[in-house]
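Q: This is final.cif (mmCIF, C-alpha atoms).
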data_run
#
loop_
_atom_site.label_atom_id
_atom_site.label_comp_id
_atom_site.auth_asym_id
_atom_site.auth_seq_id
_atom_site.Cartn_x
_atom_site.Cartn_y
_atom_site.Cartn_z
CA MET A 1 -2.34 22.27 -18.25
CA PHE A 2 0.87 21.48 -16.41
CA THR A 3 0.64 24.75 -14.50
CA LEU A 4 -2.79 23.72 -13.29
CA ALA A 5 -1.51 20.23 -12.45
CA ARG A 6 1.39 21.64 -10.47
CA TYR A 7 -0.89 24.09 -8.67
CA GLU A 8 -3.40 21.34 -7.80
CA LEU A 9 -0.68 19.06 -6.49
CA TYR A 10 0.76 21.91 -4.45
CA ARG A 11 -2.69 22.66 -3.03
CA LEU A 12 -3.19 18.99 -2.18
CA PHE A 13 -0.01 18.95 -0.13
CA LEU A 14 -0.97 22.16 1.69
CA SER A 15 -3.90 20.39 3.29
CA PRO A 16 -3.28 17.88 6.08
CA LEU A 17 -5.50 15.35 4.27
CA ALA A 18 -2.80 14.27 1.81
CA TRP A 19 -0.18 13.86 4.52
CA ILE A 20 -2.51 11.92 6.77
CA ILE A 21 -3.51 9.58 3.97
CA LEU A 22 0.14 9.00 3.10
CA ALA A 23 1.06 8.33 6.71
CA LEU A 24 -1.87 6.10 7.63
CA SER A 25 -1.75 3.97 4.50
CA GLN A 26 1.96 3.45 5.19
CA LEU A 27 1.09 2.40 8.72
CA ILE A 28 -1.44 -0.21 7.62
CA LEU A 29 0.73 -1.54 4.82
CA ALA A 30 3.79 -1.69 7.06
CA TYR A 31 1.83 -3.80 9.51
CA LEU A 32 0.65 -6.10 6.71
CA PHE A 33 4.22 -6.28 5.44
CA LEU A 34 5.38 -7.46 8.85
CA THR A 35 2.59 -10.04 8.99
CA HIS A 36 3.61 -11.45 5.62
CA ILE A 37 7.25 -11.61 6.67
CA ASP A 38 6.24 -13.34 9.88
CA TYR A 39 4.23 -15.90 7.95
CA PHE A 40 7.11 -16.47 5.55
CA VAL A 41 9.57 -17.05 8.39
CA GLN A 42 7.14 -19.55 9.92
CA ILE A 43 6.72 -21.70 6.84
CA GLN A 44 10.18 -21.19 5.41
CA ALA A 45 11.58 -24.34 6.99
CA LYS A 46 8.69 -26.42 5.70
CA ILE A 47 8.83 -25.30 2.08
CA SER A 48 12.59 -25.09 1.67
CA ALA A 49 12.76 -28.78 0.76
CA ILE A 50 10.25 -28.53 -2.09
CA PRO A 51 11.81 -27.76 -5.47
CA GLY A 52 10.23 -24.77 -7.18
CA ALA A 53 8.53 -23.64 -3.99
CA PRO A 54 7.24 -20.06 -3.87
CA GLY A 55 9.89 -17.61 -2.75
CA VAL A 56 10.07 -14.24 -1.07
CA THR A 57 8.51 -12.44 -4.01
CA GLU A 58 5.42 -14.64 -4.17
CA LEU A 59 4.90 -14.91 -0.43
CA ILE A 60 5.69 -11.37 0.72
CA ALA A 61 5.84 -8.85 -2.11
CA ILE A 62 2.87 -10.00 -4.19
CA PRO A 63 0.37 -10.39 -1.30
CA LEU A 64 1.47 -6.98 -0.01
CA LEU A 65 0.84 -5.30 -3.34
CA SER A 66 -2.47 -7.09 -3.62
CA ASN A 67 -3.44 -5.66 -0.22
CA ALA A 68 -2.16 -2.27 -1.33
CA ALA A 69 -4.59 -2.36 -4.28
CA THR A 70 -7.50 -2.87 -1.86
CA ILE A 71 -6.32 0.01 0.31
CA PHE A 72 -5.98 2.25 -2.74
CA LEU A 73 -9.57 1.34 -3.56
CA LEU A 74 -10.60 2.71 -0.16
CA ILE A 75 -8.60 5.94 -0.27
CA THR A 76 -9.14 6.96 -3.89
CA PRO A 77 -12.64 8.35 -3.21
CA LEU A 78 -11.23 10.53 -0.41
CA ILE A 79 -8.70 12.13 -2.72
CA THR A 80 -10.80 12.47 -5.85
CA MET A 81 -14.02 13.65 -4.17
CA ARG A 82 -12.97 17.29 -3.89
CA LEU A 83 -11.53 17.66 -7.38
CA ILE A 84 -14.45 19.24 -9.17
CA ALA A 85 -17.28 18.95 -6.63
CA GLU A 86 -15.61 21.47 -4.34
CA GLU A 87 -15.05 23.93 -7.17
CA ARG A 88 -18.73 23.69 -7.92
CA ARG A 89 -19.79 24.11 -4.32
CA ASN A 90 -17.60 27.19 -3.86
CA ASP A 91 -18.87 28.53 -7.20
CA SER A 92 -15.29 28.82 -8.37
CA LEU A 93 -15.89 26.59 -11.36
CA PRO A 94 -17.01 29.50 -13.61
CA LEU A 95 -13.74 31.24 -12.73
CA LEU A 96 -11.76 28.17 -13.72
CA ILE A 97 -13.74 27.71 -16.91
CA SER A 98 -13.31 31.34 -17.93
CA ALA A 99 -9.54 31.07 -17.45
CA PRO A 100 -7.58 30.85 -20.71
CA LEU A 101 -7.65 27.05 -20.58
CA SER A 102 -9.78 24.68 -22.59
CA ILE A 103 -11.98 22.21 -20.73
CA HIS A 104 -9.82 19.25 -21.60
CA GLN A 105 -6.77 21.08 -20.27
CA ILE A 106 -8.57 21.67 -16.97
CA VAL A 107 -9.68 18.03 -16.71
CA LEU A 108 -6.28 16.64 -17.70
CA GLY A 109 -4.54 19.04 -15.32
CA LYS A 110 -6.64 17.88 -12.40
CA TYR A 111 -6.23 14.26 -13.45
CA LEU A 112 -2.45 14.53 -13.69
CA ALA A 113 -2.20 16.23 -10.29
CA THR A 114 -4.15 13.44 -8.55
CA PHE A 115 -2.32 10.77 -10.48
CA GLY A 116 0.95 12.39 -9.42
CA PHE A 117 -0.11 12.15 -5.80
CA PHE A 118 -0.89 8.46 -6.22
CA LEU A 119 2.49 7.89 -7.85
CA VAL A 120 4.13 9.34 -4.74
CA LEU A 121 2.02 7.00 -2.60
CA LEU A 122 2.85 4.02 -4.82
CA THR A 123 6.58 4.77 -4.75
CA LEU A 124 6.48 4.76 -0.95
CA VAL A 125 4.66 1.42 -1.00
CA MET A 126 7.11 -0.09 -3.50
CA LEU A 127 10.00 0.74 -1.20
CA MET A 128 8.78 -1.96 1.20
CA PRO A 129 9.22 -4.97 -1.12
CA LEU A 130 12.41 -3.39 -2.49
CA SER A 131 13.82 -3.28 1.02
CA LEU A 132 13.81 -7.10 0.93
CA LEU A 133 16.71 -6.81 -1.52
CA MET A 134 18.94 -6.21 1.48
CA GLY A 135 18.32 -9.71 2.78
CA SER A 136 17.41 -11.87 -0.20
CA ALA A 137 17.05 -12.05 -3.95
CA ILE A 138 13.66 -11.03 -5.31
CA ASP A 139 12.11 -11.37 -8.73
CA LEU A 140 12.44 -7.80 -9.98
CA TYR A 141 10.65 -8.57 -13.25
CA GLN A 142 7.55 -9.79 -11.49
CA LEU A 143 7.70 -6.80 -9.18
CA ALA A 144 7.89 -4.53 -12.23
CA ALA A 145 4.83 -6.24 -13.70
CA SER A 146 2.89 -5.67 -10.46
CA PHE A 147 4.08 -2.06 -10.41
CA LEU A 148 2.77 -1.54 -13.93
CA GLY A 149 -0.50 -3.17 -12.90
CA LEU A 150 -0.87 -0.89 -9.88
CA ILE A 151 -0.11 2.22 -11.98
CA LEU A 152 -2.81 1.29 -14.48
CA LEU A 153 -5.22 0.42 -11.68
CA LEU A 154 -4.64 3.75 -9.94
CA GLY A 155 -5.02 5.54 -13.27
CA SER A 156 -8.47 3.99 -13.71
CA PHE A 157 -9.46 4.70 -10.09
CA THR A 158 -8.54 8.36 -10.53
CA ALA A 159 -10.37 8.69 -13.86
CA ILE A 160 -13.56 7.18 -12.40
CA GLY A 161 -13.30 9.37 -9.27
CA LEU A 162 -12.75 12.51 -11.34
CA PHE A 163 -15.83 11.83 -13.44
CA LEU A 164 -18.08 11.15 -10.46
CA SER A 165 -16.75 14.26 -8.74
CA SER A 166 -17.82 16.35 -11.72
CA LEU A 167 -21.40 15.11 -11.42
CA THR A 168 -22.26 16.54 -8.02
CA LYS A 169 -21.81 19.57 -5.81
CA GLN A 170 -21.29 17.58 -2.62
CA PRO A 171 -17.83 16.05 -2.12
CA ALA A 172 -19.31 13.47 0.27
CA ILE A 173 -21.72 12.24 -2.38
CA ALA A 174 -18.88 12.09 -4.89
CA ALA A 175 -16.88 9.98 -2.42
CA ILE A 176 -19.72 7.54 -1.80
CA THR A 177 -20.59 7.11 -5.48
CA THR A 178 -16.92 6.67 -6.37
CA PHE A 179 -16.47 4.05 -3.70
CA THR A 180 -19.61 2.19 -4.79
CA CYS A 181 -18.61 2.32 -8.43
CA LEU A 182 -15.07 1.10 -7.80
CA PHE A 183 -16.19 -1.62 -5.44
CA LEU A 184 -18.85 -2.80 -7.88
CA LEU A 185 -16.29 -2.98 -10.68
CA TRP A 186 -14.03 -4.85 -8.26
CA ILE A 187 -16.51 -7.60 -7.43
CA ILE A 188 -18.58 -7.66 -10.59
CA ASP A 189 -17.19 -10.98 -11.81
CA TRP A 190 -17.93 -12.87 -8.60
CA ASN A 191 -21.24 -14.08 -9.96
CA GLY A 192 -20.11 -16.94 -12.18
CA ASN A 193 -16.60 -17.68 -11.06
CA SER A 194 -16.77 -21.34 -11.89
CA GLN A 195 -18.21 -21.22 -15.39
CA VAL A 196 -15.95 -22.76 -17.97
CA ASP A 197 -16.68 -20.20 -20.67
CA GLU A 198 -16.43 -17.24 -18.29
CA GLN A 199 -13.54 -15.68 -20.23
CA THR A 200 -15.77 -14.16 -22.86
CA SER A 201 -18.53 -12.79 -20.66
CA LEU A 202 -19.16 -9.08 -20.28
CA PHE A 203 -18.95 -9.05 -16.49
CA ALA A 204 -15.59 -10.75 -16.49
CA TRP A 205 -14.30 -8.17 -18.93
CA LEU A 206 -15.62 -5.27 -16.82
CA SER A 207 -13.95 -6.44 -13.63
CA LEU A 208 -11.04 -4.30 -12.48
CA LEU A 209 -9.68 -7.15 -10.38
CA ARG A 210 -9.62 -9.79 -13.09
CA HIS A 211 -7.35 -7.70 -15.29
CA PHE A 212 -5.09 -6.93 -12.36
CA GLU A 213 -4.45 -10.45 -11.05
CA PRO A 214 -2.44 -11.80 -14.03
CA MET A 215 -0.19 -8.74 -13.78
CA LEU A 216 0.53 -9.51 -10.12
CA GLN A 217 1.63 -12.97 -11.24
CA GLY A 218 3.93 -11.46 -13.84
CA GLU A 219 1.77 -12.15 -16.87
CA ILE A 220 1.25 -9.08 -19.00
CA TYR A 221 -1.57 -9.37 -21.52
CA SER A 222 -2.02 -6.64 -24.08
CA SER A 223 -5.80 -6.96 -23.63
CA ASP A 224 -5.49 -6.12 -19.90
CA ILE A 225 -3.43 -3.03 -20.64
CA SER A 226 -5.90 -1.88 -23.26
CA TYR A 227 -8.78 -2.48 -20.81
CA TYR A 228 -7.27 0.03 -18.36
CA LEU A 229 -6.49 2.48 -21.15
CA ILE A 230 -10.09 2.21 -22.38
CA ILE A 231 -11.42 2.86 -18.85
CA ILE A 232 -9.15 5.88 -18.35
CA THR A 233 -9.95 7.46 -21.72
CA THR A 234 -13.67 6.82 -21.40
CA PHE A 235 -14.03 8.47 -18.02
CA LEU A 236 -11.82 11.42 -18.96
CA LEU A 237 -13.90 11.94 -22.11
CA LEU A 238 -17.12 11.73 -20.09
CA THR A 239 -15.80 14.34 -17.64
CA ILE A 240 -14.78 16.71 -20.42
CA ARG A 241 -18.14 16.20 -22.08
CA HIS A 242 -20.06 16.82 -18.88
CA LEU A 243 -18.23 20.03 -18.00
CA ASP A 244 -18.60 21.22 -21.57
CA SER A 245 -22.36 20.77 -21.46
CA LYS A 246 -22.45 22.56 -18.07
CA ARG A 247 -20.74 25.52 -19.66
CA ILE A 248 -23.15 25.75 -22.58
CA ASN A 249 -26.33 25.29 -20.56
CA MET B 1 -23.79 33.34 -29.90
CA LYS B 2 -27.45 33.50 -29.08
CA ILE B 3 -28.73 30.32 -27.50
CA SER B 4 -32.27 29.54 -28.58
CA THR B 5 -34.49 26.49 -28.18
CA LYS B 6 -33.20 25.22 -31.49
CA THR B 7 -29.55 25.30 -30.48
CA HIS B 8 -30.54 23.53 -27.28
CA ARG B 9 -32.19 20.81 -29.25
CA LEU B 10 -29.22 20.49 -31.61
CA PHE B 11 -26.99 20.26 -28.59
CA ARG B 12 -29.10 17.43 -27.16
CA VAL B 13 -28.85 15.51 -30.43
CA GLN B 14 -25.13 16.03 -30.48
CA GLN B 15 -24.89 14.70 -26.89
CA ILE B 16 -26.81 11.55 -27.82
CA ILE B 17 -24.65 10.96 -30.89
CA PHE B 18 -21.54 11.38 -28.77
CA TYR B 19 -22.63 8.78 -26.22
CA VAL B 20 -23.70 6.28 -28.88
CA LEU B 21 -20.38 6.66 -30.70
CA LEU B 22 -18.49 6.33 -27.42
CA VAL B 23 -20.20 3.06 -26.51
CA MET B 24 -19.60 1.72 -30.02
CA ALA B 25 -15.94 2.70 -29.89
CA ILE B 26 -15.53 0.95 -26.52
CA ILE B 27 -17.11 -2.26 -27.79
CA LEU B 28 -14.98 -2.22 -30.96
CA LEU B 29 -11.75 -1.54 -29.07
CA ALA B 30 -12.51 -4.18 -26.45
CA ASN B 31 -13.18 -6.81 -29.10
CA PHE B 32 -10.09 -5.81 -31.03
CA SER B 33 -7.92 -6.06 -27.92
CA LYS B 34 -9.38 -9.49 -27.13
CA GLN B 35 -8.73 -10.82 -30.62
CA HIS B 36 -5.19 -9.52 -30.89
CA ASP B 37 -4.08 -10.52 -27.45
CA HIS B 38 -0.40 -10.82 -26.80
CA GLN B 39 1.24 -12.16 -23.67
CA TRP B 40 4.56 -11.26 -22.12
CA ASP B 41 5.99 -13.18 -19.23
CA TRP B 42 7.72 -10.92 -16.74
CA THR B 43 9.06 -13.46 -14.30
CA GLN B 44 12.67 -14.35 -13.76
CA ASN B 45 12.25 -18.09 -14.32
CA SER B 46 9.58 -17.73 -17.08
CA ARG B 47 7.05 -19.51 -14.93
CA HIS B 48 4.16 -18.76 -17.26
CA THR B 49 5.81 -19.88 -20.49
CA LEU B 50 6.18 -23.38 -21.92
CA SER B 51 9.70 -24.61 -22.47
CA GLU B 52 11.28 -24.66 -25.95
CA THR B 53 11.12 -28.44 -26.19
CA THR B 54 7.43 -28.51 -25.34
CA ILE B 55 6.65 -25.89 -27.96
CA GLU B 56 8.67 -27.77 -30.62
CA PHE B 57 6.91 -30.98 -29.71
CA LEU B 58 3.50 -29.32 -29.93
CA GLN B 59 4.30 -27.84 -33.32
CA GLN B 60 5.30 -31.15 -34.88
CA LEU B 61 2.11 -32.96 -33.78
CA ASP B 62 0.47 -34.44 -36.85
CA ALA B 63 -2.49 -36.46 -35.60
CA ASN B 64 -5.39 -35.17 -33.63
CA ILE B 65 -5.16 -35.69 -29.89
CA ASP B 66 -8.29 -35.85 -27.81
CA ILE B 67 -8.04 -34.79 -24.18
CA GLN B 68 -10.86 -35.35 -21.71
CA ILE B 69 -10.49 -33.66 -18.37
CA PHE B 70 -12.67 -34.95 -15.56
CA VAL B 71 -13.08 -32.13 -13.09
CA SER B 72 -16.02 -30.59 -11.22
CA PRO B 73 -16.65 -26.92 -12.00
CA ASN B 74 -15.88 -25.79 -8.46
CA ASN B 75 -12.78 -27.88 -7.94
CA GLU B 76 -9.50 -26.11 -7.17
CA TYR B 77 -7.80 -27.82 -10.11
CA GLN B 78 -10.32 -26.56 -12.64
CA ALA B 79 -8.72 -23.15 -13.20
CA GLU B 80 -5.22 -24.61 -13.11
CA ALA B 81 -6.04 -27.25 -15.70
CA LYS B 82 -7.73 -24.72 -17.93
CA LYS B 83 -4.77 -22.36 -17.77
CA LEU B 84 -2.30 -25.10 -18.62
CA ILE B 85 -4.37 -26.49 -21.46
CA THR B 86 -4.98 -23.06 -23.00
CA ARG B 87 -1.24 -22.52 -23.02
CA TYR B 88 -0.77 -25.79 -24.91
CA GLN B 89 -3.57 -25.00 -27.28
CA ALA B 90 -1.95 -21.73 -28.35
CA HIS B 91 0.83 -23.69 -30.06
CA SER B 92 -1.08 -26.47 -31.77
CA ASP B 93 -4.43 -26.88 -33.48
CA GLN B 94 -4.37 -30.67 -33.14
CA LEU B 95 -5.67 -30.68 -29.59
CA THR B 96 -9.33 -31.31 -28.88
CA ILE B 97 -10.13 -30.53 -25.30
CA ARG B 98 -13.27 -31.41 -23.42
CA PHE B 99 -13.99 -30.58 -19.82
CA ILE B 100 -16.28 -33.21 -18.33
CA ASN B 101 -18.22 -32.74 -15.15
CA PRO B 102 -18.05 -36.17 -13.45
CA ASP B 103 -21.36 -35.56 -11.64
CA PHE B 104 -23.26 -35.29 -14.90
CA SER B 105 -21.63 -38.12 -16.84
CA PRO B 106 -21.20 -41.10 -14.49
CA ASP B 107 -21.17 -43.57 -17.41
CA LEU B 108 -18.02 -41.95 -18.87
CA VAL B 109 -16.41 -42.02 -15.45
CA ARG B 110 -17.16 -45.74 -15.19
CA GLN B 111 -16.02 -46.44 -18.73
CA HIS B 112 -12.59 -44.84 -18.17
CA ASN B 113 -12.37 -45.90 -14.55
CA ILE B 114 -11.68 -42.38 -13.28
CA GLN B 115 -10.19 -42.30 -9.78
CA GLN B 116 -9.77 -38.64 -8.85
CA GLN B 117 -10.44 -35.03 -9.70
CA ALA B 118 -8.58 -33.45 -12.61
CA GLU B 119 -7.75 -36.82 -14.10
CA MET B 120 -7.12 -36.55 -17.83
CA VAL B 121 -7.75 -39.16 -20.48
CA ILE B 122 -5.63 -38.63 -23.56
CA THR B 123 -6.58 -40.48 -26.73
CA LYS B 124 -4.41 -40.66 -29.84
CA ASP B 125 -5.04 -43.24 -32.57
CA GLU B 126 -6.83 -45.64 -30.24
CA LYS B 127 -4.01 -45.35 -27.71
CA ILE B 128 -5.26 -44.19 -24.32
CA THR B 129 -3.19 -42.70 -21.53
CA HIS B 130 -4.33 -41.56 -18.11
CA ILE B 131 -2.77 -38.57 -16.41
CA TYR B 132 -3.60 -38.42 -12.72
CA ASP B 133 -1.99 -35.20 -11.66
CA LEU B 134 -1.31 -31.82 -13.28
CA SER B 135 2.39 -32.08 -12.42
CA ASP B 136 2.56 -35.63 -13.82
CA ASN B 137 5.21 -35.47 -16.57
CA ARG B 138 4.85 -38.74 -18.34
#
Could I get this structure in the form of structure tokens?
A:
Amino acid sequence: MFTLARYELYRLFLSPLAWIILALSQLILAYLFLTHIDYFVQIQAKISAIPGAPGVTELIAIPLLSNAATIFLLITPLITMRLIAEERRNDSLPLLISAPLSIHQIVLGKYLATFGFFLVLLTLVMLMPLSLLMGSAIDLYQLAASFLGLILLLGSFTAIGLFLSSLTKQPAIAAITTFTCLFLLWIIDWNGNSQVDEQTSLFAWLSLLRHFEPMLQGEIYSSDISYYLIIITTFLLLTIRHLDSKRIN
Amino acid sequence: MKISTKTHRLFRVQQIIFYVLLVMAIILLANFSKQHDHQWDWTQNSRHTLSETTIEFLQQLDANIDIQIFVSPNNEYQAEAKKLITRYQAHSDQLTIRFINPDFSPDLVRQHNIQQQAEMVITKDEKITHIYDLSDNR
């Protein structure tokens, strides 16, 4: 399993795609980072008199990570689309299946490799808010909470992408369906935002964004963590199941 | 193993059972996680937690307190007020909270002489207090 994961990660970094995604997402986020700093410098004089005013963490780090989540939403389909769809298109899936690995080892191996790539990406992004430490004090606890939130969010993105990639032979179709699925789960709770008893509704529970926002603010709820774990396990199980049935039929 | 029509059919049934069980497991787990929710506050100044004194005060409440919050559903204070009140409610079962939409109950608004959005009317043993602002700490 780990051999496969290491091999997949190695293969990912052989292609220019991974490097370009790393570089370009850094470019966009660096620009956004500068914009947030600019905004902070502008309003700093105005808010410095207010007691308990939002500080560097709330005005620069948290908006940046919130933007990063949106950008991850856009690039996840590009990374996950090839995972299984390409194996199927090149007819190399039977080779992989007949290797001395069980299906769940194959799926977990591919999942871990992609997740590893996203961890590299996330570490690079986290360096930006951490660089603020040179000039000011930041709330490291809140940053840690956002980091945890982003890890769980990326874990769910990858699991969903992996499953949709196993459904089709065309990587492009996998990318489009993954993007649609993620985006739908992102906005699904926009329908009844103002209802008082929204907390219990199904759509609110399904929303990826709603479970992520409290974490950005530094509130960790055990139900949010279990939501992401449920999503990850479900989609990994579905992928294993689907490949298993492909093998038997 | 020879794969016949029968094994195919058995396989189908097994698939269906798997999906049904999966959906049931998800629903059970989701409900369980909702019921046994636990919150940790990972901010340096514990912004999302009530202070010790507030919690002690809430726990020694003996009479029922009725809180009416006059706020329109789309108002910016609605979510804020709800968040704050839920936090209070977690520590005491003596709080009765009612959100009132001022557009739909003009007679209540007139009766309490409500001036602005997110105004709260707190009633305890016939004693009535008005809170005008969420940061009002009377």
Q: Out of B:Asp62, B:Ile67, B:Arg12, B:Pro73, which residue has the shortest atom-to-atom distance to chain A when counting all atoms listed in the file?
A: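 The closest residue to chain A is B:Pro73.
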Q: Rank nothing, just name the residue among A:Leu209, A:Leu216, A:Ile97, A:Leu59 nearest to A:Leu34, using all atoms listed in the file.
A: A:Leu59
Q: Run through the PyMOL selection byres ((chain B) within 9 of (chain A)) on the given coordinates and return the selected residues as a ChimeraX atom specification.
A: /B:3,8,11,15,18-19,22,26,29-30,32-45,47-48,73-75,78-79,82,99
Q: Determine, counting all atoms listed in the file, which protein, DNA and RNA residues have an atom within 8 Å of an atom of A:Val107; residues of the same chain fewer than 5 positions away are not included. Present the result as a compact mmCIF listing (two decimals) with C-alpha atoms, in the frame of the given file.
A:
# COMPACT_ATOMS: atom_id res chain seq x y z
CA LEU A 236 -11.82 11.42 -18.96
CA THR A 239 -15.80 14.34 -17.64
CA ILE A 240 -14.78 16.71 -20.42
Q: Rounded to one decimal place, report the atom CA of A:Leu229-atom CA of A:Leu152 distance in Å.
A: 7.7 Å
Q: Measuring between all atoms listed in the file, which one of A:Leu9, A:Leu167, A:Ala18, A:Ile62 shows the shortest distance to A:Phe33?
A: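 Of the candidates, the smallest distance to A:Phe33 is held by A:Ile62.
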Q: What's the separation between atom CA of B:Val121 and atom CA of A:Ala204, in Å to one decimal place?
A: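 Here the two named atoms are 29.7 Å from each other.
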Q: Given the file shown, determine the residues that the PyMOL selection byres ((chain B and resi 112) around 12) selects; report them as a list in words.
A: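 Taken on the displayed file, the PyMOL selection byres ((chain B and resi 112) around 12) yields the residues Gln68, Ile69, Phe70, Pro102, Ser105, Pro106, Asp107, Leu108, Val109, Arg110, Gln111, Asn113, Ile114, Gln115, Gln116, Glu119, Met120, Val121, Ile122, Thr123, Ile128, Thr129, His130 and Ile131 of chain B.
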Q: How far is it from atom CA of A:Leu124 to atom CA of A:Gln26, in Å with one decimal?
A: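 Separation between atom CA of A:Leu124 and atom CA of A:Gln26: 7.7 Å.
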Q: How about completing stretch 149-161 of chain A with N, CA, C and O atoms and giving it to me as a PDB file, in the frame of the given file?
A:
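Output file selection-v9.pdb follows:
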ATOM      1  N   GLY A 149       0.898  -2.908 -13.161  1.00  0.00           N
ATOM      2  CA  GLY A 149      -0.500  -3.170 -12.900  1.00  0.00           C
ATOM      3  C   GLY A 149      -1.095  -2.157 -11.941  1.00  0.00           C
ATOM      4  O   GLY A 149      -2.189  -1.638 -12.167  1.00  0.00           O
ATOM      5  N   LEU A 150      -0.357  -1.840 -10.866  1.00  0.00           N
ATOM      6  CA  LEU A 150      -0.870  -0.890  -9.880  1.00  0.00           C
ATOM      7  C   LEU A 150      -0.988   0.516 -10.483  1.00  0.00           C
ATOM      8  O   LEU A 150      -1.935   1.239 -10.181  1.00  0.00           O
ATOM      9  N   ILE A 151      -0.027   0.897 -11.345  1.00  0.00           N
ATOM     10  CA  ILE A 151      -0.110   2.220 -11.980  1.00  0.00           C
ATOM     11  C   ILE A 151      -1.381   2.313 -12.814  1.00  0.00           C
ATOM     12  O   ILE A 151      -2.145   3.277 -12.709  1.00  0.00           O
ATOM     13  N   LEU A 152      -1.630   1.265 -13.624  1.00  0.00           N
ATOM     14  CA  LEU A 152      -2.810   1.290 -14.480  1.00  0.00           C
ATOM     15  C   LEU A 152      -4.089   1.280 -13.648  1.00  0.00           C
ATOM     16  O   LEU A 152      -5.057   1.984 -13.953  1.00  0.00           O
ATOM     17  N   LEU A 153      -4.057   0.494 -12.553  1.00  0.00           N
ATOM     18  CA  LEU A 153      -5.220   0.420 -11.680  1.00  0.00           C
ATOM     19  C   LEU A 153      -5.512   1.780 -11.049  1.00  0.00           C
ATOM     20  O   LEU A 153      -6.655   2.259 -11.048  1.00  0.00           O
ATOM     21  N   LEU A 154      -4.462   2.439 -10.560  1.00  0.00           N
ATOM     22  CA  LEU A 154      -4.640   3.750  -9.940  1.00  0.00           C
ATOM     23  C   LEU A 154      -5.105   4.774 -10.979  1.00  0.00           C
ATOM     24  O   LEU A 154      -5.916   5.651 -10.672  1.00  0.00           O
ATOM     25  N   GLY A 155      -4.580   4.646 -12.202  1.00  0.00           N
ATOM     26  CA  GLY A 155      -5.020   5.540 -13.270  1.00  0.00           C
ATOM     27  C   GLY A 155      -6.516   5.420 -13.495  1.00  0.00           C
ATOM     28  O   GLY A 155      -7.226   6.429 -13.612  1.00  0.00           O
ATOM     29  N   SER A 156      -7.036   4.174 -13.504  1.00  0.00           N
ATOM     30  CA  SER A 156      -8.470   3.990 -13.710  1.00  0.00           C
ATOM     31  C   SER A 156      -9.264   4.491 -12.514  1.00  0.00           C
ATOM     32  O   SER A 156     -10.306   5.134 -12.682  1.00  0.00           O
ATOM     33  N   PHE A 157      -8.780   4.208 -11.294  1.00  0.00           N
ATOM     34  CA  PHE A 157      -9.460   4.700 -10.090  1.00  0.00           C
ATOM     35  C   PHE A 157      -9.619   6.215 -10.169  1.00  0.00           C
ATOM     36  O   PHE A 157     -10.699   6.763  -9.925  1.00  0.00           O
ATOM     37  N   THR A 158      -8.515   6.896 -10.507  1.00  0.00           N
ATOM     38  CA  THR A 158      -8.540   8.360 -10.530  1.00  0.00           C
ATOM     39  C   THR A 158      -9.507   8.869 -11.592  1.00  0.00           C
ATOM     40  O   THR A 158     -10.259   9.808 -11.345  1.00  0.00           O
ATOM     41  N   ALA A 159      -9.490   8.227 -12.779  1.00  0.00           N
ATOM     42  CA  ALA A 159     -10.370   8.690 -13.860  1.00  0.00           C
ATOM     43  C   ALA A 159     -11.832   8.553 -13.446  1.00  0.00           C
ATOM     44  O   ALA A 159     -12.638   9.472 -13.639  1.00  0.00           O
ATOM     45  N   ILE A 160     -12.178   7.407 -12.824  1.00  0.00           N
ATOM     46  CA  ILE A 160     -13.560   7.180 -12.400  1.00  0.00           C
ATOM     47  C   ILE A 160     -13.942   8.198 -11.318  1.00  0.00           C
ATOM     48  O   ILE A 160     -15.006   8.811 -11.354  1.00  0.00           O
ATOM     49  N   GLY A 161     -13.038   8.421 -10.360  1.00  0.00           N
ATOM     50  CA  GLY A 161     -13.300   9.370  -9.270  1.00  0.00           C
ATOM     51  C   GLY A 161     -13.485  10.782  -9.793  1.00  0.00           C
ATOM     52  O   GLY A 161     -14.364  11.509  -9.340  1.00  0.00           O
TER      53      GLY A 161
END
